[in-house]
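Presented below is the structure to which this report refers.
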Amino acid sequence: MGRYFFSAVFLRVINKTKIFGTAFAAVAALGQADAAKSDAAGMAFFEKNIRPVLANNCYQCHSAEARNLKGELFLDSKQGMLNGGESGPVIVPGKPAESRLLQAIRRDGKLKMPPRNKLSGRVADNFAKWIRMGAPDPRVANGGNPVKSKIDLEAGRKFWSFIPPDTPDTPEVADNTWPRGEIDRFVLAKLEANNLSPVRDATRHELIRRTYFDLIGLPPSPGQVAAFLSDTSVNAFEKVVDELLRSPHFGEHWGRHWLDVARYSESNGMERNFTYPHAWRYRDYVIDSFNDDKSFRRFVREQVAGDLLGRDKREPTDEELVATGFLALGPKPLNQGNKVLFKLDVVDEQIDVTTRAFLGLTVSCARCHDHKFDPIPTRDYYAMAGIFRSTDALYGTVNGQGNRQASDLHAIAGNEADRVEKTRKHDNSLYRLNGRLLIMEEEMREYREKGSNATGNERTRMRTLTRDIRDARANIKSLEKKSPDADYAMGVRDGRIGDARVLVRGEIRNQGQTVKRGFPQVMDGVKAYPISNRSSGRLQLANWLTQPDNPLTSRVMANRIWHHLFGEGIVRTMDNFGATGERPTHPGLLDYLAVRFVEHDWSVKSMIREMVLSRTYQLSSDTTEANAAADPSNRFLWRMNHKRLGAEALRDAMLATSGRLDRQPAGGSVVTKLGNVNVGRAQRQLSQMQRNTSQRSVYLPILRNALPEMMRLFDTAEPSLIVGKRNETTVPTQALYLMNNPFVIGQAFNMAKRVMDTAEGRPDGIRLAYELAFARAATDDEVSRAHEFLNSVAEEKDRPGQWTVLCQALLASAEFRYID
């Protein structure tokens, strides 16, 4: 179901409840309310004496329309009053003395409602009479009965992905000379069972270019290719693989794969696209984690509960706090005035990214009803929702310009060297905000002095000023609370702890039973620690996700790694291991990889190394008629799949080939320099900041609804979505970009200059150009045709122009954009 489905349902319910003359459906009530339901006199009494009082005195703070719901109490529906709020039910039908709402109206106890204006004794007497009648109330058409699940959990546990992986027996093969390891045996057994034969091995030229792009996302230089070709040792390729795994560029490339899944972005998106100036810290955390070969188990635990790993025995490190940015990066409805609705949408997004990224399950589909396909009842959704409702997201942004939901950030130690500069910027920001506030307050004072003589435009301006002054004061208060010399990071922390109620059909005003915080029941065989009343449950969730007997976490990650190396996953639906996902083509192989992953301390580099050193990975991408006829999609891996370079690798390859790639990591992000702004109002400034940058593409600003042109055209991951597998489109705008864009032409010119400065003559220049672009030598026929091409443009262009056109043709070619 759509993530914001319940909001639409909620609005329809509001519209219905505003029409007093419509026919009302019966509600399920308690005790004497059943008898009072059909009592016309009781309904009339409610309409005349109770509803108006609630509407005029209570709905502002206790309704679905309330901007800031107080006490999680809804008084605008029958079910809301019966459910009560944080302190329990507020009415007991038939028993006025036990009804806390009446006590608050009479101000008999500590709670006094409404807080400012005491209601008359007559109103209190009417409420007492109404409660004795059974509290007849026609306002909701649905009684909010608890959801009755029809899911068969026992049957669900027999589905392949919920069965814990076990080390399978190595399959027997007819040709024992072909496999180089266990992976090859699984693959060859499947090929032989389907009467297929593997194609030839890849050439050294093909292999080194493939491996460089797959491991670090960059092409090998002519020198690196020559070194590999001249190395006649048995482990020559193994040495190349180990060198690439040690490269700092490994984390930049493989970290980008994870950022796709983590829906990384430096802005919020949606209606209020405010920047996230501190999101880059999470990006760098991911890159460093892959470079350091951090245990994937640790990687998961830090992202879900990094702030809690110290278990109250030590303070969390900066790295652990930054890691929790995983849960704060998602898009949010910042213009949502109702804080409860806002929180529920944020929680839903957090459940979605956590379960799909680590488990390959679409748990968020159970928000409004039991999952239609997988054994996930609605109560399991709300068991997890309780964990995230007990968690506060810290994503920053500022009040104003339609943003009604600004938040705090994590304060971290950061870089000691620039503390003076940070203090100066903090003080300057505070000075500017206070100055702006003084100007607005003075303007407001002048308008107020005019009183009734103010014009219509001036009164409109006063309303705007009222809002802007309120936002400015909130921003000043937030800034004053921050340490002037601290750095900041997005993340999460524990908030108000509590379990969640089921929202029947996802409707906020139709609350059902309370569900204890926990995890999907279909995997209740996985070791889980109890969740106490003192913590959100995120630490227990992180531990549960990374238990060795969790059937999904290791499988899902092993499948992600396989996908990025082989072009397709063993399970092709990367983020869906449920019933609507595809089944694994090699289930035994997937289980083998999952078990090996855990046995090797969840090491991503070890997993990649074993896959890359397999003979299956080192096959050529040639095709044969017999194999293609029997297995046209290459599901059984009789050859290597052709793979298109991702948008980042394509741009980086152009920069590397031209010799202009800046290989140093970026220091922060240009978005930090923009500060807290609405992206739509800073497009020109952003374009100027990123112009002519030659750093790797992973460091480009990634803003929702405002991706860099090349990233958008060549199918980079949509940062509002969880993307385990990118789309691959072929559209005319891509060809036009390669033909006409100044960036491409500029890199072609730089490549041409590099060729002209290095090569002694035209034939040598052509050969060098081919080596730079394709990591192979040009054939004699290619040299001859390139020579003819240069002659054909000699009359129109000077020597640099001739070489630029040739180099651009190479950069725009299919061979440059694809990996064999």
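Residues in the structure tokens are named by chain (A, B, ... in the order shown) and by number from 1 within that chain; ligands are numbered from 1 in the order shown.
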
With a distance cut-off of 12 Å and only C-alpha atoms, select the neighbouring residues of Gly567 of chain A, excluding the residue or stretch itself and same-chain residues fewer than 2 positions from it, and output the selection as number ranges by chain.
-> A: 210, 214, 559-565, 569-572, 574, 617, 621, 633-635, 637, 639-646, 724-726, 728, 818-820

Could you dump the residues just selected with N, CA and C atoms as an mmCIF file, in the first residue's frame?
data_model
loop_
_atom_site.group_PDB
_atom_site.id
_atom_site.type_symbol
_atom_site.label_atom_id
_atom_site.label_comp_id
_atom_site.auth_asym_id
_atom_site.auth_seq_id
_atom_site.Cartn_x
_atom_site.Cartn_y
_atom_site.Cartn_z
ATOM 1 N N ARG A 210 37.200 -5.321 -16.458
ATOM 2 C CA ARG A 210 36.014 -5.717 -15.696
ATOM 3 C C ARG A 210 36.265 -5.586 -14.199
ATOM 4 N N ASP A 214 34.441 -3.150 -11.518
ATOM 5 C CA ASP A 214 33.584 -3.795 -10.520
ATOM 6 C C ASP A 214 34.042 -3.522 -9.095
ATOM 7 N N ASN A 559 23.410 -11.696 -1.670
ATOM 8 C CA ASN A 559 22.759 -11.537 -2.972
ATOM 9 C C ASN A 559 23.046 -10.163 -3.563
ATOM 10 N N ARG A 560 23.116 -9.134 -2.716
ATOM 11 C CA ARG A 560 23.455 -7.785 -3.210
ATOM 12 C C ARG A 560 24.874 -7.783 -3.787
ATOM 13 N N ILE A 561 25.800 -8.395 -3.099
ATOM 14 C CA ILE A 561 27.181 -8.441 -3.582
ATOM 15 C C ILE A 561 27.248 -9.180 -4.925
ATOM 16 N N TRP A 562 26.565 -10.307 -5.001
ATOM 17 C CA TRP A 562 26.556 -11.077 -6.248
ATOM 18 C C TRP A 562 25.992 -10.240 -7.404
ATOM 19 N N HIS A 563 24.942 -9.527 -7.145
ATOM 20 C CA HIS A 563 24.309 -8.701 -8.178
ATOM 21 C C HIS A 563 25.295 -7.687 -8.755
ATOM 22 N N HIS A 564 26.059 -7.020 -7.895
ATOM 23 C CA HIS A 564 26.952 -5.974 -8.386
ATOM 24 C C HIS A 564 28.152 -6.540 -9.131
ATOM 25 N N LEU A 565 28.482 -7.795 -8.910
ATOM 26 C CA LEU A 565 29.604 -8.402 -9.624
ATOM 27 C C LEU A 565 29.172 -9.129 -10.900
ATOM 28 N N GLY A 569 21.196 -10.633 -9.557
ATOM 29 C CA GLY A 569 21.260 -11.376 -8.319
ATOM 30 C C GLY A 569 20.837 -12.820 -8.509
ATOM 31 N N ILE A 570 21.252 -13.670 -7.597
ATOM 32 C CA ILE A 570 20.730 -15.044 -7.580
ATOM 33 C C ILE A 570 19.221 -14.974 -7.355
ATOM 34 N N VAL A 571 18.805 -14.005 -6.522
ATOM 35 C CA VAL A 571 17.397 -13.585 -6.452
ATOM 36 C C VAL A 571 17.341 -12.235 -7.153
ATOM 37 N N ARG A 572 16.647 -12.156 -8.250
ATOM 38 C CA ARG A 572 16.707 -10.933 -9.061
ATOM 39 C C ARG A 572 15.949 -9.765 -8.439
ATOM 40 N N MET A 574 15.977 -7.707 -5.736
ATOM 41 C CA MET A 574 16.972 -7.470 -4.698
ATOM 42 C C MET A 574 16.363 -7.132 -3.347
ATOM 43 N N TYR A 617 33.115 -16.000 -12.467
ATOM 44 C CA TYR A 617 33.285 -14.552 -12.666
ATOM 45 C C TYR A 617 34.210 -14.277 -13.841
ATOM 46 N N SER A 621 32.064 -12.827 -21.994
ATOM 47 C CA SER A 621 30.656 -12.513 -22.240
ATOM 48 C C SER A 621 30.219 -12.980 -23.624
ATOM 49 N N SER A 633 18.303 -15.650 -21.089
ATOM 50 C CA SER A 633 18.560 -14.629 -20.068
ATOM 51 C C SER A 633 19.808 -14.924 -19.249
ATOM 52 N N ASN A 634 20.504 -16.012 -19.572
ATOM 53 C CA ASN A 634 21.720 -16.392 -18.851
ATOM 54 C C ASN A 634 21.453 -16.569 -17.360
ATOM 55 N N ARG A 635 20.319 -17.144 -17.018
ATOM 56 C CA ARG A 635 19.991 -17.351 -15.612
ATOM 57 C C ARG A 635 20.895 -18.396 -14.969
ATOM 58 N N LEU A 637 24.134 -18.825 -15.788
ATOM 59 C CA LEU A 637 25.508 -18.309 -15.705
ATOM 60 C C LEU A 637 26.488 -19.081 -16.585
ATOM 61 N N ARG A 639 27.774 -17.682 -19.146
ATOM 62 C CA ARG A 639 28.695 -16.624 -19.566
ATOM 63 C C ARG A 639 28.600 -15.465 -18.588
ATOM 64 N N MET A 640 29.489 -14.498 -18.704
ATOM 65 C CA MET A 640 29.377 -13.285 -17.899
ATOM 66 C C MET A 640 28.399 -12.339 -18.578
ATOM 67 N N ASN A 641 27.581 -11.693 -17.803
ATOM 68 C CA ASN A 641 26.622 -10.729 -18.342
ATOM 69 C C ASN A 641 27.337 -9.447 -18.780
ATOM 70 N N HIS A 642 26.888 -8.879 -19.891
ATOM 71 C CA HIS A 642 27.305 -7.517 -20.226
ATOM 72 C C HIS A 642 26.732 -6.594 -19.170
ATOM 73 N N LYS A 643 27.533 -5.648 -18.709
ATOM 74 C CA LYS A 643 27.059 -4.707 -17.695
ATOM 75 C C LYS A 643 27.329 -3.279 -18.167
ATOM 76 N N ARG A 644 26.331 -2.431 -17.997
ATOM 77 C CA ARG A 644 26.512 -1.030 -18.350
ATOM 78 C C ARG A 644 27.080 -0.281 -17.161
ATOM 79 N N LEU A 645 27.985 0.639 -17.422
ATOM 80 C CA LEU A 645 28.518 1.458 -16.336
ATOM 81 C C LEU A 645 27.402 2.278 -15.711
ATOM 82 N N GLY A 646 27.429 2.377 -14.387
ATOM 83 C CA GLY A 646 26.498 3.267 -13.714
ATOM 84 C C GLY A 646 26.837 4.707 -14.022
ATOM 85 N N GLY A 724 17.817 -1.328 -4.693
ATOM 86 C CA GLY A 724 18.812 -2.393 -4.713
ATOM 87 C C GLY A 724 19.286 -2.704 -6.113
ATOM 88 N N LYS A 725 18.464 -2.383 -7.103
ATOM 89 C CA LYS A 725 18.803 -2.619 -8.504
ATOM 90 C C LYS A 725 18.348 -1.419 -9.311
ATOM 91 N N ARG A 726 19.275 -0.749 -9.951
ATOM 92 C CA ARG A 726 18.948 0.454 -10.710
ATOM 93 C C ARG A 726 18.244 0.112 -12.021
ATOM 94 N N GLU A 728 17.766 0.605 -15.999
ATOM 95 C CA GLU A 728 18.656 0.884 -17.121
ATOM 96 C C GLU A 728 17.805 1.261 -18.318
ATOM 97 N N TYR A 818 30.086 0.082 -21.631
ATOM 98 C CA TYR A 818 29.741 -1.273 -21.200
ATOM 99 C C TYR A 818 30.990 -2.037 -20.777
ATOM 100 N N ILE A 819 30.767 -3.009 -19.909
ATOM 101 C CA ILE A 819 31.843 -3.891 -19.447
ATOM 102 C C ILE A 819 31.574 -5.294 -19.990
ATOM 103 N N ASP A 820 32.561 -5.867 -20.664
ATOM 104 C CA ASP A 820 32.440 -7.251 -21.145
ATOM 105 C C ASP A 820 32.824 -8.220 -20.031
#

8 Å contact set for segment 316-321 of chain A, only C-alpha atoms, chain neighbours under 6 positions out, as an NGL selection string = :A and (285 or 302-303 or 306-310 or 410 or 412-414 or 489-492)

Can you list, as a PyMOL selection string, every protein, DNA or RNA residue that comes within 8 Å of Leu361 of chain A when you count only C-alpha atoms, leaving out same-chain residues fewer than 3 positions away?
-> chain A and resi 355-356+575-578

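Excluding Pro587 of chain A itself and any same-chain residue fewer than 3 positions from it, the protein and nucleic acid residues within 10 Å of it, counting only C-alpha atoms, are Trp160, Ser161, Pro165, Pro168, Phe186, Ile570, Val571, Arg583, Pro584, Leu590, Asp591, Tyr592 and Leu593 of chain A.
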
7 Å contact set for segment 398-407 of chain A, only C-alpha atoms, chain neighbours under 3 positions out, as a list in words = Arg272, Leu334, Asn335, Gln336, Gly337, Leu394, Tyr395, Asp468, Asp471, Ala474, Asn475 and Asn676 of chain A

Let's have the selection written as a JSON list (two decimals), in the first residue's frame, with C-alpha atoms.
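What follows is the written file selection.json:
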[["chain", "number", "residue", "atom", "x", "y", "z"],
["A", 272, "ARG", "CA", 9.23, 21.22, 1.40],
["A", 334, "LEU", "CA", 7.60, 18.71, 6.63],
["A", 335, "ASN", "CA", 4.49, 20.76, 5.86],
["A", 336, "GLN", "CA", 2.32, 18.37, 7.89],
["A", 337, "GLY", "CA", 0.91, 20.41, 10.78],
["A", 394, "LEU", "CA", 17.22, 14.12, 14.25],
["A", 395, "TYR", "CA", 17.42, 15.57, 10.78],
["A", 468, "ASP", "CA", 7.54, 34.67, 10.56],
["A", 471, "ASP", "CA", 9.43, 30.84, 13.29],
["A", 474, "ALA", "CA", 11.91, 29.10, 17.37],
["A", 475, "ASN", "CA", 15.05, 29.14, 15.22],
["A", 676, "ASN", "CA", 19.53, 25.31, 5.75]]

Where in segment 344-585 of chain A does DSSP assign strand (DSSP E or B), given as a PyMOL selection string?
-> chain A and resi 391-394+400+403+410-412+487-489+491-494+500-503+511-515

Generate the output file for the selected residues, N, CA, C and O atoms, as a short mmCIF file (atom, residue, chain, number, x, y, z; two decimals), in the first residue's frame.
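File produced: out_35.cif:
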data_model
loop_
_atom_site.label_atom_id
_atom_site.label_comp_id
_atom_site.auth_asym_id
_atom_site.auth_seq_id
_atom_site.Cartn_x
_atom_site.Cartn_y
_atom_site.Cartn_z
N THR A 391 11.40 6.39 19.17
CA THR A 391 12.66 6.93 18.67
C THR A 391 12.41 8.31 18.06
O THR A 391 11.44 8.50 17.33
N ASP A 392 13.29 9.25 18.35
CA ASP A 392 13.20 10.59 17.77
C ASP A 392 14.19 10.71 16.62
O ASP A 392 15.38 10.41 16.79
N ALA A 393 13.71 11.14 15.47
CA ALA A 393 14.58 11.37 14.31
C ALA A 393 15.19 12.76 14.41
O ALA A 393 14.48 13.75 14.69
N LEU A 394 16.48 12.85 14.19
CA LEU A 394 17.22 14.12 14.25
C LEU A 394 17.75 14.42 12.86
O LEU A 394 18.75 13.86 12.43
N GLY A 400 9.91 27.66 9.34
CA GLY A 400 9.60 28.69 8.35
C GLY A 400 9.52 28.15 6.95
O GLY A 400 9.88 27.01 6.67
N ASN A 403 7.88 24.85 6.57
CA ASN A 403 8.40 23.73 7.36
C ASN A 403 7.84 23.82 8.78
O ASN A 403 8.19 24.71 9.54
N HIS A 410 22.34 15.56 16.16
CA HIS A 410 23.33 15.08 17.10
C HIS A 410 24.49 16.07 17.15
O HIS A 410 24.99 16.50 16.11
N ALA A 411 24.94 16.43 18.33
CA ALA A 411 26.17 17.20 18.48
C ALA A 411 27.33 16.22 18.60
O ALA A 411 27.29 15.28 19.39
N ILE A 412 28.36 16.42 17.79
CA ILE A 412 29.52 15.54 17.80
C ILE A 412 30.78 16.38 17.97
O ILE A 412 30.77 17.60 17.76
N ASP A 487 30.28 20.22 16.08
CA ASP A 487 29.82 19.79 14.76
C ASP A 487 28.51 19.03 14.96
O ASP A 487 28.17 18.62 16.08
N TYR A 488 27.80 18.80 13.87
CA TYR A 488 26.49 18.18 13.98
C TYR A 488 26.33 17.07 12.94
O TYR A 488 26.98 17.08 11.90
N ALA A 489 25.46 16.14 13.29
CA ALA A 489 25.20 15.01 12.40
C ALA A 489 23.75 14.61 12.51
O ALA A 489 23.11 14.77 13.56
N GLY A 491 20.76 11.78 12.68
CA GLY A 491 20.71 10.49 13.35
C GLY A 491 19.40 10.32 14.10
O GLY A 491 18.40 10.98 13.80
N VAL A 492 19.41 9.44 15.09
CA VAL A 492 18.24 9.20 15.92
C VAL A 492 18.68 9.03 17.37
O VAL A 492 19.85 8.79 17.65
N ARG A 493 17.72 9.15 18.27
CA ARG A 493 17.95 8.85 19.69
C ARG A 493 16.63 8.36 20.28
O ARG A 493 15.56 8.59 19.71
N ASP A 494 16.70 7.71 21.40
CA ASP A 494 15.48 7.26 22.06
C ASP A 494 14.64 8.45 22.49
O ASP A 494 15.17 9.45 22.99
N ALA A 500 2.83 0.68 20.61
CA ALA A 500 1.93 1.33 19.66
C ALA A 500 0.60 0.60 19.60
O ALA A 500 0.53 -0.61 19.81
N ARG A 501 -0.44 1.36 19.31
CA ARG A 501 -1.75 0.76 19.04
C ARG A 501 -1.88 0.46 17.55
O ARG A 501 -1.38 1.19 16.71
N VAL A 502 -2.59 -0.61 17.26
CA VAL A 502 -2.94 -0.90 15.87
C VAL A 502 -3.89 0.19 15.38
O VAL A 502 -4.83 0.55 16.07
N LEU A 503 -3.62 0.72 14.21
CA LEU A 503 -4.55 1.65 13.57
C LEU A 503 -5.33 0.85 12.54
O LEU A 503 -4.78 0.45 11.50
N GLN A 511 -8.38 3.44 16.45
CA GLN A 511 -7.31 2.73 17.13
C GLN A 511 -7.81 1.43 17.73
O GLN A 511 -8.87 1.38 18.35
N GLY A 512 -7.01 0.40 17.54
CA GLY A 512 -7.33 -0.90 18.08
C GLY A 512 -6.48 -1.23 19.29
O GLY A 512 -6.10 -0.36 20.07
N GLN A 513 -6.13 -2.48 19.41
CA GLN A 513 -5.41 -2.95 20.59
C GLN A 513 -3.97 -2.48 20.58
O GLN A 513 -3.39 -2.16 19.55
N THR A 514 -3.38 -2.43 21.76
CA THR A 514 -1.97 -2.10 21.91
C THR A 514 -1.14 -3.36 21.68
O THR A 514 -1.49 -4.44 22.15
N VAL A 515 -0.05 -3.20 20.93
CA VAL A 515 0.82 -4.32 20.58
C VAL A 515 2.19 -4.09 21.20
O VAL A 515 2.77 -3.01 21.07
#

Quick one: residues within 12 Å of Pro52 of chain A, only C-alpha atoms counted, chain neighbours fewer than 6 positions away excluded, as number ranges by chain?
-> A: 20, 45-46, 58-59, 75-76, 123, 126-127

May I have the residues from that selection written out with all heavy atoms, as a CSV table (one decimal), in the first residue's frame?
chain,number,residue,atom,x,y,z
A,20,PHE,N,-23.2,16.9,9.7
A,20,PHE,CA,-24.0,16.3,10.8
A,20,PHE,C,-25.2,15.6,10.4
A,20,PHE,O,-25.8,14.8,11.1
A,20,PHE,CB,-24.3,17.5,11.7
A,20,PHE,CG,-23.2,18.1,12.4
A,20,PHE,CD1,-22.4,19.1,11.8
A,20,PHE,CD2,-22.8,17.7,13.7
A,20,PHE,CE1,-21.3,19.6,12.5
A,20,PHE,CE2,-21.7,18.2,14.3
A,20,PHE,CZ,-21.0,19.2,13.7
A,45,PHE,N,-29.4,14.4,22.7
A,45,PHE,CA,-28.7,15.0,23.9
A,45,PHE,C,-27.3,15.3,23.6
A,45,PHE,O,-26.7,16.3,23.9
A,45,PHE,CB,-28.9,14.1,25.1
A,45,PHE,CG,-28.3,14.7,26.4
A,45,PHE,CD1,-29.2,15.5,27.2
A,45,PHE,CD2,-27.0,14.6,26.7
A,45,PHE,CE1,-28.7,16.1,28.3
A,45,PHE,CE2,-26.5,15.2,27.9
A,45,PHE,CZ,-27.4,15.9,28.7
A,46,PHE,N,-26.6,14.3,23.0
A,46,PHE,CA,-25.2,14.5,22.6
A,46,PHE,C,-25.0,15.6,21.6
A,46,PHE,O,-24.2,16.5,21.8
A,46,PHE,CB,-24.6,13.2,22.0
A,46,PHE,CG,-23.3,13.3,21.4
A,46,PHE,CD1,-22.1,13.2,22.2
A,46,PHE,CD2,-23.1,13.6,20.1
A,46,PHE,CE1,-20.9,13.4,21.7
A,46,PHE,CE2,-21.8,13.8,19.5
A,46,PHE,CZ,-20.7,13.7,20.4
A,58,CYS,N,-12.2,21.6,23.0
A,58,CYS,CA,-11.3,20.5,23.1
A,58,CYS,C,-10.5,20.1,21.8
A,58,CYS,O,-9.4,19.6,21.8
A,58,CYS,CB,-12.0,19.2,23.6
A,58,CYS,SG,-12.9,19.5,25.1
A,59,TYR,N,-11.2,20.3,20.7
A,59,TYR,CA,-10.7,19.9,19.4
A,59,TYR,C,-9.3,20.5,19.0
A,59,TYR,O,-8.5,19.9,18.3
A,59,TYR,CB,-11.7,20.1,18.3
A,59,TYR,CG,-12.8,19.1,18.2
A,59,TYR,CD1,-13.1,18.2,19.3
A,59,TYR,CD2,-13.7,19.1,17.2
A,59,TYR,CE1,-14.1,17.4,19.3
A,59,TYR,CE2,-14.8,18.2,17.1
A,59,TYR,CZ,-15.0,17.4,18.2
A,59,TYR,OH,-16.1,16.5,18.2
A,75,LEU,N,-10.5,13.5,21.1
A,75,LEU,CA,-11.8,13.6,21.6
A,75,LEU,C,-12.8,13.9,20.5
A,75,LEU,O,-14.0,14.3,20.8
A,75,LEU,CB,-11.9,14.8,22.6
A,75,LEU,CG,-11.0,14.6,23.9
A,75,LEU,CD1,-11.1,15.8,24.8
A,75,LEU,CD2,-11.5,13.3,24.6
A,76,ASP,N,-12.4,13.8,19.2
A,76,ASP,CA,-13.3,14.1,18.1
A,76,ASP,C,-13.9,12.8,17.5
A,76,ASP,O,-14.4,12.8,16.4
A,76,ASP,CB,-12.6,14.9,17.0
A,76,ASP,CG,-11.4,14.1,16.5
A,76,ASP,OD1,-10.9,13.2,17.2
A,76,ASP,OD2,-10.9,14.5,15.4
A,123,VAL,N,-22.5,22.6,32.3
A,123,VAL,CA,-21.8,21.7,31.3
A,123,VAL,C,-21.3,20.4,32.0
A,123,VAL,O,-21.5,19.3,31.4
A,123,VAL,CB,-20.6,22.5,30.7
A,123,VAL,CG1,-19.8,21.6,29.9
A,123,VAL,CG2,-21.1,23.6,29.8
A,126,ASN,N,-24.2,18.1,32.5
A,126,ASN,CA,-24.6,17.5,31.2
A,126,ASN,C,-23.7,16.3,30.8
A,126,ASN,O,-24.1,15.3,30.3
A,126,ASN,CB,-24.6,18.6,30.1
A,126,ASN,CG,-25.8,19.5,30.1
A,126,ASN,OD1,-26.8,19.1,30.7
A,126,ASN,ND2,-25.7,20.7,29.6
A,127,PHE,N,-22.4,16.5,31.0
A,127,PHE,CA,-21.4,15.4,30.7
A,127,PHE,C,-21.7,14.2,31.7
A,127,PHE,O,-21.6,13.1,31.2
A,127,PHE,CB,-20.0,15.9,30.9
A,127,PHE,CG,-19.4,16.5,29.6
A,127,PHE,CD1,-19.6,17.8,29.2
A,127,PHE,CD2,-18.6,15.6,28.8
A,127,PHE,CE1,-19.1,18.3,28.0
A,127,PHE,CE2,-18.1,16.1,27.6
A,127,PHE,CZ,-18.4,17.4,27.2

Just the alpha helix (DSSP H) stuff from segment 463-625 of chain A, please, per backbone DSSP, written as a ChimeraX atom specification.
-> /A:463-481,538-545,553-566,587-599,604-612,625

Tell me which of A:Leu686, A:Ala628, A:Val526, A:Val353 sits closest to Lys673 of chain A, counting only C-alpha atoms.
->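 Of all the options, A:Leu686 lies closest to Lys673 of chain A.
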
Smallest atom-to-atom distance to Ile531 of chain A: which of A:Met384, A:Met270, A:Ile287, A:Val604, using only C-alpha atoms?
-> A:Met384

Measure the distance from atom CA of Asn791 of chain A to atom CA of Val805 of chain A in Å and round it to one decimal.
->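 Spanning atom CA of Asn791 of chain A to atom CA of Val805 of chain A is a straight-line distance of 11.7 Å.
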
Could you make a table, as a Markdown table, of the residues of segment 161-265 of chain A that have an atom within 6 Å of an atom of segment 535-554 of chain A, each with its nearest atom pair and distance in Å to one decimal, counting only C-alpha atoms, in chain and number order?
| residue | atom | partner | partner_atom | distance |
| --- | --- | --- | --- | --- |
| A:Phe162 | CA | A:Pro551 | CA | 5.6 |
| A:Ile163 | CA | A:Pro551 | CA | 5.9 |
| A:Pro164 | CA | A:Pro551 | CA | 4.1 |
